[in-house]
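A.B. asks: Contents of final26.pdb (PDB, C-alpha atoms, pLDDT in the B column) are given next:
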ATOM      1  CA  MET A  14     -62.999  12.405 -37.764  1.00 73.00           C
ATOM      2  CA  THR A  15     -65.868  11.997 -40.264  1.00 85.00           C
ATOM      3  CA  ILE A  16     -69.447  12.485 -39.083  1.00 86.00           C
ATOM      4  CA  THR A  17     -72.420  11.224 -41.097  1.00 85.00           C
ATOM      5  CA  PHE A  18     -75.688  13.147 -40.716  1.00 87.00           C
ATOM      6  CA  ARG A  19     -79.103  11.537 -41.173  1.00 81.00           C
ATOM      7  CA  PRO A  20     -82.679  12.749 -40.647  1.00 83.00           C
ATOM      8  CA  ALA A  21     -83.432  12.757 -36.907  1.00 72.00           C
ATOM      9  CA  VAL A  22     -85.931  10.154 -35.733  1.00 64.00           C
ATOM     10  CA  ARG A  23     -87.095   9.718 -32.138  1.00 66.00           C
ATOM     11  CA  GLU A  24     -86.237   6.104 -31.312  1.00 69.00           C
ATOM     12  CA  ASN A  25     -84.571   4.430 -28.345  1.00 72.00           C
ATOM     13  CA  VAL A  26     -84.362   7.760 -26.526  1.00 78.00           C
ATOM     14  CA  GLY A  27     -82.772   7.418 -23.097  1.00 85.00           C
ATOM     15  CA  LEU A  28     -84.761   8.665 -20.111  1.00 92.00           C
ATOM     16  CA  ILE A  29     -83.385  10.037 -16.848  1.00 96.00           C
ATOM     17  CA  ILE A  30     -86.284  10.928 -14.557  1.00 97.00           C
ATOM     18  CA  GLY A  31     -85.670  12.697 -11.228  1.00 97.00           C
ATOM     19  CA  LEU A  32     -88.180  12.389  -8.372  1.00 97.00           C
ATOM     20  CA  MET A  33     -87.552  14.752  -5.446  1.00 97.00           C
ATOM     21  CA  GLY A  34     -89.450  14.690  -2.172  1.00 95.00           C
ATOM     22  CA  ALA A  35     -89.439  14.538   1.610  1.00 92.00           C
ATOM     23  CA  SER A  36     -90.363  11.460   3.624  1.00 92.00           C
ATOM     24  CA  GLY A  37     -93.986  10.606   2.962  1.00 94.00           C
ATOM     25  CA  SER A  38     -94.134  12.254  -0.458  1.00 96.00           C
ATOM     26  CA  GLY A  39     -94.354   8.933  -2.311  1.00 96.00           C
ATOM     27  CA  LYS A  40     -91.124   9.169  -4.283  1.00 96.00           C
ATOM     28  CA  THR A  41     -90.071   5.518  -3.859  1.00 96.00           C
ATOM     29  CA  TRP A  42     -93.556   4.192  -4.672  1.00 97.00           C
ATOM     30  CA  THR A  43     -93.810   6.558  -7.639  1.00 98.00           C
ATOM     31  CA  GLY A  44     -90.380   5.495  -8.880  1.00 98.00           C
ATOM     32  CA  MET A  45     -91.396   1.841  -8.735  1.00 98.00           C
ATOM     33  CA  GLU A  46     -94.673   2.572 -10.523  1.00 98.00           C
ATOM     34  CA  LEU A  47     -92.771   4.299 -13.327  1.00 97.00           C
ATOM     35  CA  ALA A  48     -90.162   1.526 -13.492  1.00 98.00           C
ATOM     36  CA  THR A  49     -92.870  -1.133 -13.662  1.00 98.00           C
ATOM     37  CA  GLY A  50     -94.694   0.664 -16.464  1.00 97.00           C
ATOM     38  CA  ILE A  51     -91.559   1.263 -18.532  1.00 97.00           C
ATOM     39  CA  THR A  52     -90.387  -2.333 -18.096  1.00 97.00           C
ATOM     40  CA  SER A  53     -93.773  -3.767 -19.079  1.00 96.00           C
ATOM     41  CA  VAL A  54     -93.479  -2.084 -22.484  1.00 95.00           C
ATOM     42  CA  LEU A  55     -89.771  -2.423 -23.263  1.00 93.00           C
ATOM     43  CA  ALA A  56     -88.987  -5.811 -21.698  1.00 94.00           C
ATOM     44  CA  PRO A  57     -92.153  -7.723 -20.715  1.00 95.00           C
ATOM     45  CA  GLY A  58     -91.445 -10.382 -18.119  1.00 93.00           C
ATOM     46  CA  LYS A  59     -88.114  -8.872 -17.073  1.00 95.00           C
ATOM     47  CA  ARG A  60     -87.297  -7.218 -13.767  1.00 97.00           C
ATOM     48  CA  PHE A  61     -85.996  -3.738 -13.178  1.00 98.00           C
ATOM     49  CA  ALA A  62     -83.054  -3.055 -10.859  1.00 98.00           C
ATOM     50  CA  VAL A  63     -83.103  -1.041  -7.633  1.00 98.00           C
ATOM     51  CA  LEU A  64     -79.896   0.419  -6.216  1.00 98.00           C
ATOM     52  CA  ASP A  65     -80.694   1.006  -2.547  1.00 97.00           C
ATOM     53  CA  THR A  66     -78.600   3.386  -0.423  1.00 96.00           C
ATOM     54  CA  GLU A  67     -80.912   3.186   2.592  1.00 93.00           C
ATOM     55  CA  ALA A  68     -80.078  -0.169   4.214  1.00 89.00           C
ATOM     56  CA  GLY A  69     -82.571  -2.226   2.257  1.00 92.00           C
ATOM     57  CA  ARG A  70     -85.640  -0.036   2.696  1.00 93.00           C
ATOM     58  CA  SER A  71     -86.757  -0.605  -0.872  1.00 95.00           C
ATOM     59  CA  LYS A  72     -87.343  -4.266   0.031  1.00 96.00           C
ATOM     60  CA  HIS A  73     -90.436  -3.063   1.905  1.00 96.00           C
ATOM     61  CA  TYR A  74     -92.032  -2.885  -1.545  1.00 96.00           C
ATOM     62  CA  ALA A  75     -91.086  -6.429  -2.631  1.00 96.00           C
ATOM     63  CA  ASP A  76     -94.679  -7.670  -2.253  1.00 96.00           C
ATOM     64  CA  GLN A  77     -96.076  -4.941  -4.504  1.00 96.00           C
ATOM     65  CA  PHE A  78     -93.409  -4.797  -7.235  1.00 97.00           C
ATOM     66  CA  THR A  79     -91.135  -7.273  -9.012  1.00 97.00           C
ATOM     67  CA  PHE A  80     -87.506  -6.126  -9.059  1.00 98.00           C
ATOM     68  CA  ASP A  81     -83.927  -7.135  -8.331  1.00 98.00           C
ATOM     69  CA  HIS A  82     -82.291  -5.426  -5.364  1.00 98.00           C
ATOM     70  CA  GLY A  83     -78.734  -4.247  -4.869  1.00 97.00           C
ATOM     71  CA  ASP A  84     -77.234  -2.469  -1.860  1.00 96.00           C
ATOM     72  CA  LEU A  85     -75.108   0.610  -2.529  1.00 96.00           C
ATOM     73  CA  ARG A  86     -73.097   1.214   0.625  1.00 95.00           C
ATOM     74  CA  PRO A  87     -70.883   4.113   1.763  1.00 96.00           C
ATOM     75  CA  PRO A  88     -68.705   5.843   0.838  1.00 97.00           C
ATOM     76  CA  PHE A  89     -71.210   7.435  -1.528  1.00 97.00           C
ATOM     77  CA  ALA A  90     -68.704   9.028  -3.892  1.00 97.00           C
ATOM     78  CA  PRO A  91     -69.905  10.000  -7.393  1.00 97.00           C
ATOM     79  CA  ALA A  92     -67.727   7.262  -8.883  1.00 97.00           C
ATOM     80  CA  ALA A  93     -69.449   4.652  -6.681  1.00 97.00           C
ATOM     81  CA  TYR A  94     -72.828   5.652  -8.096  1.00 98.00           C
ATOM     82  CA  ALA A  95     -71.498   5.637 -11.652  1.00 97.00           C
ATOM     83  CA  ASP A  96     -69.903   2.202 -11.202  1.00 97.00           C
ATOM     84  CA  ALA A  97     -73.022   0.667  -9.632  1.00 97.00           C
ATOM     85  CA  ILE A  98     -75.323   2.065 -12.313  1.00 97.00           C
ATOM     86  CA  GLY A  99     -72.865   0.933 -14.981  1.00 97.00           C
ATOM     87  CA  ALA A 100     -72.867  -2.608 -13.544  1.00 97.00           C
ATOM     88  CA  ALA A 101     -76.680  -2.730 -13.597  1.00 97.00           C
ATOM     89  CA  ASP A 102     -76.684  -1.444 -17.163  1.00 97.00           C
ATOM     90  CA  ALA A 103     -74.126  -4.069 -18.224  1.00 97.00           C
ATOM     91  CA  ALA A 104     -76.354  -6.740 -16.653  1.00 97.00           C
ATOM     92  CA  GLY A 105     -79.081  -5.769 -19.122  1.00 96.00           C
ATOM     93  CA  TYR A 106     -81.743  -4.263 -16.868  1.00 97.00           C
ATOM     94  CA  PRO A 107     -84.174  -2.129 -18.891  1.00 96.00           C
ATOM     95  CA  VAL A 108     -84.739   0.288 -16.004  1.00 98.00           C
ATOM     96  CA  ILE A 109     -82.535   1.228 -13.045  1.00 98.00           C
ATOM     97  CA  LEU A 110     -84.106   2.912 -10.023  1.00 98.00           C
ATOM     98  CA  VAL A 111     -81.697   4.620  -7.609  1.00 98.00           C
ATOM     99  CA  ASP A 112     -83.043   5.391  -4.147  1.00 96.00           C
ATOM    100  CA  SER A 113     -81.570   7.703  -3.063  1.00 94.00           C
ATOM    101  CA  CYS A 114     -79.217   9.858  -5.108  1.00 97.00           C
ATOM    102  CA  SER A 115     -79.048  12.482  -2.357  1.00 97.00           C
ATOM    103  CA  HIS A 116     -76.259  10.548  -0.650  1.00 97.00           C
ATOM    104  CA  GLU A 117     -73.982  11.413  -3.590  1.00 97.00           C
ATOM    105  CA  HIS A 118     -74.277  15.006  -2.420  1.00 97.00           C
ATOM    106  CA  ALA A 119     -74.779  14.906   1.353  1.00 97.00           C
ATOM    107  CA  GLY A 120     -74.092  11.313   2.398  1.00 96.00           C
ATOM    108  CA  GLN A 121     -70.996   9.716   3.884  1.00 97.00           C
ATOM    109  CA  GLY A 122     -68.198  10.169   1.348  1.00 97.00           C
ATOM    110  CA  GLY A 123     -70.374  12.307  -0.933  1.00 97.00           C
ATOM    111  CA  ILE A 124     -69.301  15.566  -2.521  1.00 97.00           C
ATOM    112  CA  LEU A 125     -69.848  17.659   0.620  1.00 97.00           C
ATOM    113  CA  ASP A 126     -67.516  15.328   2.530  1.00 98.00           C
ATOM    114  CA  MET A 127     -65.070  15.396  -0.375  1.00 97.00           C
ATOM    115  CA  GLN A 128     -65.050  19.207  -0.311  1.00 97.00           C
ATOM    116  CA  GLU A 129     -64.416  19.262   3.432  1.00 97.00           C
ATOM    117  CA  THR A 130     -61.505  16.844   3.011  1.00 97.00           C
ATOM    118  CA  GLU A 131     -60.040  18.973   0.228  1.00 96.00           C
ATOM    119  CA  PHE A 132     -60.526  22.159   2.270  1.00 96.00           C
ATOM    120  CA  THR A 133     -58.570  20.641   5.143  1.00 96.00           C
ATOM    121  CA  ARG A 134     -55.861  19.304   2.825  1.00 95.00           C
ATOM    122  CA  LEU A 135     -55.387  22.741   1.262  1.00 95.00           C
ATOM    123  CA  GLY A 136     -54.917  24.428   4.626  1.00 95.00           C
ATOM    124  CA  ALA A 137     -58.465  25.215   5.785  1.00 92.00           C
ATOM    125  CA  ARG A 138     -58.183  28.921   4.924  1.00 93.00           C
ATOM    126  CA  GLU A 139     -60.931  31.051   3.431  1.00 93.00           C
ATOM    127  CA  ALA A 140     -58.672  31.710   0.435  1.00 94.00           C
ATOM    128  CA  VAL A 141     -58.791  28.029  -0.602  1.00 95.00           C
ATOM    129  CA  LYS A 142     -62.526  27.473  -0.153  1.00 94.00           C
ATOM    130  CA  MET A 143     -63.346  27.819  -3.855  1.00 96.00           C
ATOM    131  CA  ALA A 144     -60.395  25.659  -4.854  1.00 96.00           C
ATOM    132  CA  SER A 145     -61.594  22.926  -2.488  1.00 97.00           C
ATOM    133  CA  TRP A 146     -64.663  22.446  -4.697  1.00 96.00           C
ATOM    134  CA  ILE A 147     -62.684  21.681  -7.872  1.00 96.00           C
ATOM    135  CA  LYS A 148     -62.155  17.970  -7.208  1.00 96.00           C
ATOM    136  CA  PRO A 149     -65.654  17.062  -5.900  1.00 97.00           C
ATOM    137  CA  LYS A 150     -67.377  19.070  -8.642  1.00 96.00           C
ATOM    138  CA  GLY A 151     -65.161  17.405 -11.224  1.00 97.00           C
ATOM    139  CA  GLU A 152     -66.037  13.942  -9.895  1.00 97.00           C
ATOM    140  CA  HIS A 153     -69.728  14.841  -9.998  1.00 97.00           C
ATOM    141  CA  ARG A 154     -69.461  15.974 -13.628  1.00 96.00           C
ATOM    142  CA  LYS A 155     -67.760  12.685 -14.536  1.00 97.00           C
ATOM    143  CA  MET A 156     -70.654  10.790 -12.937  1.00 96.00           C
ATOM    144  CA  VAL A 157     -73.242  12.781 -14.889  1.00 96.00           C
ATOM    145  CA  ALA A 158     -71.319  12.206 -18.124  1.00 94.00           C
ATOM    146  CA  ARG A 159     -71.360   8.452 -17.480  1.00 94.00           C
ATOM    147  CA  LEU A 160     -75.087   8.455 -16.687  1.00 94.00           C
ATOM    148  CA  LEU A 161     -75.817  10.125 -20.009  1.00 92.00           C
ATOM    149  CA  GLN A 162     -74.207   7.132 -21.777  1.00 93.00           C
ATOM    150  CA  VAL A 163     -76.235   4.444 -19.984  1.00 94.00           C
ATOM    151  CA  ARG A 164     -78.524   2.390 -22.249  1.00 93.00           C
ATOM    152  CA  ALA A 165     -81.043   1.609 -19.507  1.00 96.00           C
ATOM    153  CA  HIS A 166     -83.668   4.144 -18.479  1.00 96.00           C
ATOM    154  CA  LEU A 167     -82.858   5.742 -15.126  1.00 98.00           C
ATOM    155  CA  ILE A 168     -85.183   6.842 -12.347  1.00 98.00           C
ATOM    156  CA  LEU A 169     -83.337   8.793  -9.662  1.00 98.00           C
ATOM    157  CA  CYS A 170     -84.965   9.518  -6.307  1.00 98.00           C
ATOM    158  CA  PHE A 171     -83.754  12.453  -4.204  1.00 97.00           C
ATOM    159  CA  ARG A 172     -84.661  13.636  -0.758  1.00 96.00           C
ATOM    160  CA  ALA A 173     -85.936  17.192  -0.395  1.00 96.00           C
ATOM    161  CA  GLU A 174     -86.042  19.444   2.647  1.00 94.00           C
ATOM    162  CA  GLU A 175     -88.070  22.501   3.559  1.00 92.00           C
ATOM    163  CA  LYS A 176     -85.898  25.602   3.956  1.00 91.00           C
ATOM    164  CA  ILE A 177     -86.424  29.174   5.062  1.00 86.00           C
ATOM    165  CA  GLU A 178     -84.364  32.337   4.685  1.00 86.00           C
ATOM    166  CA  MET A 179     -84.145  35.816   6.189  1.00 86.00           C
ATOM    167  CA  VAL A 180     -84.751  38.670   3.748  1.00 85.00           C
ATOM    168  CA  LYS A 181     -85.360  42.407   4.028  1.00 81.00           C
ATOM    169  CA  GLY A 182     -88.963  43.403   3.546  1.00 78.00           C
ATOM    170  CA  ALA A 183     -90.248  46.555   1.848  1.00 78.00           C
ATOM    171  CA  ASP A 184     -90.018  48.339   5.205  1.00 81.00           C
ATOM    172  CA  GLY A 185     -86.359  47.393   5.596  1.00 79.00           C
ATOM    173  CA  LYS A 186     -87.015  44.935   8.396  1.00 83.00           C
ATOM    174  CA  LEU A 187     -85.843  41.334   8.262  1.00 86.00           C
ATOM    175  CA  GLU A 188     -88.575  38.786   7.693  1.00 85.00           C
ATOM    176  CA  VAL A 189     -88.677  35.011   7.423  1.00 87.00           C
ATOM    177  CA  ARG A 190     -89.849  33.468   4.168  1.00 83.00           C
ATOM    178  CA  LYS A 191     -89.690  30.134   2.391  1.00 88.00           C
ATOM    179  CA  LYS A 192     -86.342  29.815   0.635  1.00 88.00           C
ATOM    180  CA  VAL A 193     -86.354  30.701  -3.056  1.00 85.00           C
ATOM    181  CA  THR A 194     -83.992  28.676  -5.275  1.00 88.00           C
ATOM    182  CA  ALA A 195     -83.827  27.841  -8.976  1.00 85.00           C
ATOM    183  CA  THR A 196     -84.732  24.187  -8.337  1.00 87.00           C
ATOM    184  CA  GLY A 197     -86.998  24.586  -5.310  1.00 87.00           C
ATOM    185  CA  ILE A 198     -90.759  24.984  -5.092  1.00 90.00           C
ATOM    186  CA  ASP A 199     -92.607  26.577  -2.174  1.00 89.00           C
ATOM    187  CA  GLY A 200     -89.492  26.316  -0.007  1.00 91.00           C
ATOM    188  CA  TRP A 201     -88.860  22.625  -0.751  1.00 92.00           C
ATOM    189  CA  VAL A 202     -85.328  22.132  -2.086  1.00 93.00           C
ATOM    190  CA  PRO A 203     -83.933  18.845  -3.462  1.00 95.00           C
ATOM    191  CA  ILE A 204     -80.793  17.552  -1.748  1.00 96.00           C
ATOM    192  CA  CYS A 205     -78.389  17.277  -4.659  1.00 96.00           C
ATOM    193  CA  GLU A 206     -75.793  19.227  -6.595  1.00 94.00           C
ATOM    194  CA  LYS A 207     -77.628  22.392  -7.594  1.00 90.00           C
ATOM    195  CA  THR A 208     -77.420  21.953 -11.378  1.00 90.00           C
ATOM    196  CA  LEU A 209     -78.303  18.248 -11.453  1.00 93.00           C
ATOM    197  CA  PRO A 210     -82.117  18.575 -11.844  1.00 91.00           C
ATOM    198  CA  TYR A 211     -81.518  20.336 -15.180  1.00 89.00           C
ATOM    199  CA  GLU A 212     -79.307  17.526 -16.499  1.00 89.00           C
ATOM    200  CA  LEU A 213     -82.240  15.098 -16.378  1.00 94.00           C
ATOM    201  CA  THR A 214     -84.977  14.422 -18.923  1.00 92.00           C
ATOM    202  CA  ALA A 215     -87.548  15.564 -16.369  1.00 94.00           C
ATOM    203  CA  SER A 216     -87.353  16.560 -12.688  1.00 95.00           C
ATOM    204  CA  LEU A 217     -90.463  16.449 -10.518  1.00 96.00           C
ATOM    205  CA  LEU A 218     -91.042  17.497  -6.913  1.00 96.00           C
ATOM    206  CA  LEU A 219     -93.456  15.479  -4.758  1.00 97.00           C
ATOM    207  CA  LEU A 220     -94.889  16.891  -1.528  1.00 94.00           C
ATOM    208  CA  PRO A 221     -96.028  15.021   1.610  1.00 93.00           C
ATOM    209  CA  SER A 222     -99.319  16.910   1.438  1.00 93.00           C
ATOM    210  CA  ARG A 223    -100.087  15.337  -1.975  1.00 94.00           C
ATOM    211  CA  PRO A 224     -98.064  12.108  -2.294  1.00 96.00           C
ATOM    212  CA  GLY A 225     -97.177  11.163  -5.835  1.00 96.00           C
ATOM    213  CA  VAL A 226     -98.655  14.296  -7.437  1.00 97.00           C
ATOM    214  CA  PRO A 227     -95.853  15.992  -9.404  1.00 96.00           C
ATOM    215  CA  LEU A 228     -94.799  19.621  -9.372  1.00 95.00           C
ATOM    216  CA  PRO A 229     -92.439  20.204 -12.319  1.00 95.00           C
ATOM    217  CA  ILE A 230     -88.933  21.511 -11.703  1.00 94.00           C
ATOM    218  CA  LYS A 231     -87.903  20.663 -15.270  1.00 94.00           C
ATOM    219  CA  LEU A 232     -90.602  19.448 -17.639  1.00 93.00           C
ATOM    220  CA  GLN A 233     -90.133  20.346 -21.276  1.00 90.00           C
ATOM    221  CA  GLU A 234     -93.072  20.886 -23.599  1.00 89.00           C
ATOM    222  CA  GLN A 235     -92.633  17.563 -25.387  1.00 85.00           C
ATOM    223  CA  HIS A 236     -92.946  15.685 -22.076  1.00 88.00           C
ATOM    224  CA  ARG A 237     -95.840  17.563 -20.462  1.00 89.00           C
ATOM    225  CA  ALA A 238     -98.491  15.266 -21.882  1.00 88.00           C
ATOM    226  CA  LEU A 239     -96.752  12.251 -20.304  1.00 89.00           C
ATOM    227  CA  PHE A 240     -97.242  13.282 -16.673  1.00 90.00           C
ATOM    228  CA  PRO A 241    -100.477  14.115 -14.853  1.00 87.00           C
ATOM    229  CA  LEU A 242    -100.134  17.311 -12.832  1.00 92.00           C
ATOM    230  CA  ASP A 243    -103.437  16.920 -11.006  1.00 93.00           C
ATOM    231  CA  ARG A 244    -103.177  13.369  -9.646  1.00 95.00           C
ATOM    232  CA  PRO A 245    -100.542  10.808  -8.581  1.00 96.00           C
ATOM    233  CA  ILE A 246     -98.182   9.347 -11.158  1.00 96.00           C
ATOM    234  CA  THR A 247     -98.873   5.665 -11.876  1.00 95.00           C
ATOM    235  CA  ARG A 248     -97.324   2.937 -13.991  1.00 95.00           C
ATOM    236  CA  GLU A 249     -99.521   4.144 -16.861  1.00 94.00           C
ATOM    237  CA  SER A 250     -97.218   7.184 -17.097  1.00 93.00           C
ATOM    238  CA  GLY A 251     -94.327   4.729 -17.267  1.00 94.00           C
ATOM    239  CA  ARG A 252     -95.978   2.918 -20.156  1.00 94.00           C
ATOM    240  CA  ARG A 253     -96.544   6.201 -21.992  1.00 92.00           C
ATOM    241  CA  LEU A 254     -92.946   7.243 -21.369  1.00 92.00           C
ATOM    242  CA  ALA A 255     -91.669   3.954 -22.770  1.00 93.00           C
ATOM    243  CA  GLU A 256     -93.845   4.221 -25.866  1.00 91.00           C
ATOM    244  CA  TRP A 257     -92.679   7.792 -26.439  1.00 90.00           C
ATOM    245  CA  ALA A 258     -89.011   6.867 -25.892  1.00 89.00           C
ATOM    246  CA  ARG A 259     -89.124   4.165 -28.538  1.00 86.00           C
ATOM    247  CA  GLY A 260     -90.795   6.441 -31.080  1.00 84.00           C
ATOM    248  CA  GLY A 261     -94.525   6.171 -30.455  1.00 74.00           C
ATOM    249  CA  ALA A 262     -96.993   9.032 -30.513  1.00 69.00           C
ATOM    250  CA  ILE A 263     -97.627  10.929 -27.292  1.00 66.00           C
ATOM    251  CA  THR A 264    -100.880  10.100 -25.533  1.00 60.00           C
ATOM    252  CA  ARG A 265    -102.061  12.459 -22.833  1.00 58.00           C
ATOM    253  CA  ALA A 266    -101.737  11.200 -19.243  1.00 57.00           C
TER     254      ALA A 266
END
Have the structure of the file written as structure tokens, please.
C.D. replies:
Amino acid sequence: MTITFRPAVRENVGLIIGLMGASGSGKTWTGMELATGITSVLAPGKRFAVLDTEAGRSKHYADQFTFDHGDLRPPFAPAAYADAIGAADAAGYPVILVDSCSHEHAGQGGILDMQETEFTRLGAREAVKMASWIKPKGEHRKMVARLLQVRAHLILCFRAEEKIEMVKGADGKLEVRKKVTATGIDGWVPICEKTLPYELTASLLLLPSRPGVPLPIKLQEQHRALFPLDRPITRESGRRLAEWARGGAITRA
């Protein structure tokens, strides 16, 4: 195989934005704001696509945003997500919003269900517990690999839940604290495969106490100027993202 090297230029860079939050945190609205802004720059007059796993709930926003709707129904296997996103990409949508991606992990037929099925098939013994994760983790990795090849920009919404844990304090006594994880903030943990937030261009947590205002899980230096961290994300951030992705200069949000 022969590879030709050329000077690197930022143009037509694919975006995969993750929005994590509990009910009331504004993740669906924020996702649609971003999708609207990106679409207005890259494909004026076109619609973005919404893949809805929640029985048509995204249609509640049909009066505020212009988009095409598609139902993604169970089983929510990784391959089902990859196929649905691939179909939307093949249809030429500039942006694909998925609400919610958490079903791929914890929904009917998602990777937790797949692991349980494998565990039972292998004999339901403690010795096979690790082996029972091989197939579902492999299917998840295949999905991520396919997403990275999509031409459309992706906005993935995830549910998040507040978790606590028991830990030993300095005095040796057990105490309750907000759960600390690599992808969680202040006890709020996204419902997804644990490494997924780091596969994305940017991953942002939204809290019900401040709907739409992002807390960065993954936000690299070159993207920090594109998102406001002191106010809700709007379609203006989407426009800035689109301009940056096609090679324009960064303007501060």
A.B. asks: Can you pull out every residue within 9 Å of segment 113-130 of chain A, counting all atoms listed in the file, but drop anything in the same chain fewer than 5 positions away, and send it as an NGL selection string?
C.D. replies: :A and (41 or 64-67 or 87-91 or 93-94 or 135 or 137 or 142 or 145-150 or 152-153 or 169-173 or 203-206)
A.B. asks: Residue by residue, what does the PyMOL selection byres ((chain A and resi 252-260) around 12) grab here? Present the result as a PyMOL selection string.
C.D. replies: chain A and resi 21-30+46-57+107-108+164-168+214-215+235-241+246-251+261-266
A.B. asks: Selected residues, C-alpha atoms, written as a CSV table (one decimal), in the coordinates of the input, please.
C.D. replies:
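What landed in part.csv:
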chain,number,residue,atom,x,y,z
A,21,ALA,CA,-83.4,12.8,-36.9
A,22,VAL,CA,-85.9,10.2,-35.7
A,23,ARG,CA,-87.1,9.7,-32.1
A,24,GLU,CA,-86.2,6.1,-31.3
A,25,ASN,CA,-84.6,4.4,-28.3
A,26,VAL,CA,-84.4,7.8,-26.5
A,27,GLY,CA,-82.8,7.4,-23.1
A,28,LEU,CA,-84.8,8.7,-20.1
A,29,ILE,CA,-83.4,10.0,-16.8
A,30,ILE,CA,-86.3,10.9,-14.6
A,46,GLU,CA,-94.7,2.6,-10.5
A,47,LEU,CA,-92.8,4.3,-13.3
A,48,ALA,CA,-90.2,1.5,-13.5
A,49,THR,CA,-92.9,-1.1,-13.7
A,50,GLY,CA,-94.7,0.7,-16.5
A,51,ILE,CA,-91.6,1.3,-18.5
A,52,THR,CA,-90.4,-2.3,-18.1
A,53,SER,CA,-93.8,-3.8,-19.1
A,54,VAL,CA,-93.5,-2.1,-22.5
A,55,LEU,CA,-89.8,-2.4,-23.3
A,56,ALA,CA,-89.0,-5.8,-21.7
A,57,PRO,CA,-92.2,-7.7,-20.7
A,107,PRO,CA,-84.2,-2.1,-18.9
A,108,VAL,CA,-84.7,0.3,-16.0
A,164,ARG,CA,-78.5,2.4,-22.2
A,165,ALA,CA,-81.0,1.6,-19.5
A,166,HIS,CA,-83.7,4.1,-18.5
A,167,LEU,CA,-82.9,5.7,-15.1
A,168,ILE,CA,-85.2,6.8,-12.3
A,214,THR,CA,-85.0,14.4,-18.9
A,215,ALA,CA,-87.5,15.6,-16.4
A,235,GLN,CA,-92.6,17.6,-25.4
A,236,HIS,CA,-92.9,15.7,-22.1
A,237,ARG,CA,-95.8,17.6,-20.5
A,238,ALA,CA,-98.5,15.3,-21.9
A,239,LEU,CA,-96.8,12.3,-20.3
A,240,PHE,CA,-97.2,13.3,-16.7
A,241,PRO,CA,-100.5,14.1,-14.9
A,246,ILE,CA,-98.2,9.3,-11.2
A,247,THR,CA,-98.9,5.7,-11.9
A,248,ARG,CA,-97.3,2.9,-14.0
A,249,GLU,CA,-99.5,4.1,-16.9
A,250,SER,CA,-97.2,7.2,-17.1
A,251,GLY,CA,-94.3,4.7,-17.3
A,261,GLY,CA,-94.5,6.2,-30.5
A,262,ALA,CA,-97.0,9.0,-30.5
A,263,ILE,CA,-97.6,10.9,-27.3
A,264,THR,CA,-100.9,10.1,-25.5
A,265,ARG,CA,-102.1,12.5,-22.8
A,266,ALA,CA,-101.7,11.2,-19.2
A.B. asks: From the set A:Lys59, A:Ala144, A:Ser216, A:Lys155, which residue has the shortest atom-to-atom contact distance to Ala92 of chain A, counting all atoms listed in the file?
C.D. replies: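 Looking only at the distances to Ala92 of chain A, the closest residue turns out to be A:Lys155.
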A.B. asks: Name the residues captured by the PyMOL selection byres ((chain A and resi 174-189) around 7) when it is applied to the shown file; answer as a list in words.
C.D. replies: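 Expected selection for the PyMOL selection byres ((chain A and resi 174-189) around 7) here is Ala35, Arg172, Ala173, Arg190, Lys191, Lys192, Gly200, Trp201, Val202 and Pro203 of chain A.
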A.B. asks: Which value, in Å to one decimal, gives the distance between atom CA of Pro245 of chain A and atom CA of Ser222 of chain A?
C.D. replies: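 Between atom CA of Pro245 of chain A and atom CA of Ser222 of chain A the gap works out to 11.8 Å.
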A.B. asks: At a cut-off of 8 Å, using all atoms listed in the file, what residues contact segment 72-78 of chain A? Leave out same-chain residues fewer than 3 positions from it and give the result as a ChimeraX atom specification.
C.D. replies: /A:42,45,49,69,82
A.B. asks: Between atom CA of Val193 of chain A and atom CA of Leu219 of chain A, measure the distance and give it in Å to one decimal.
C.D. replies: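 Here the two named atoms are 16.9 Å from each other.
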A.B. asks: Looking at all atoms listed in the file, which of A:Pro20, A:Arg134, A:Glu139, A:Thr194 is the one that sits closest to Lys207 of chain A?
C.D. replies: A:Thr194
A.B. asks: List the residues selected by the PyMOL selection byres ((chain A and resi 161) around 9) in the file shown, writing them as a ChimeraX atom specification.
C.D. replies: /A:27,29,156-160,162-164,212-213
A.B. asks: How many Å lie between atom CA of Gln233 of chain A and atom CA of Arg154 of chain A, rounded to one decimal?
C.D. replies: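 Spanning atom CA of Gln233 of chain A to atom CA of Arg154 of chain A is a straight-line distance of 22.5 Å.
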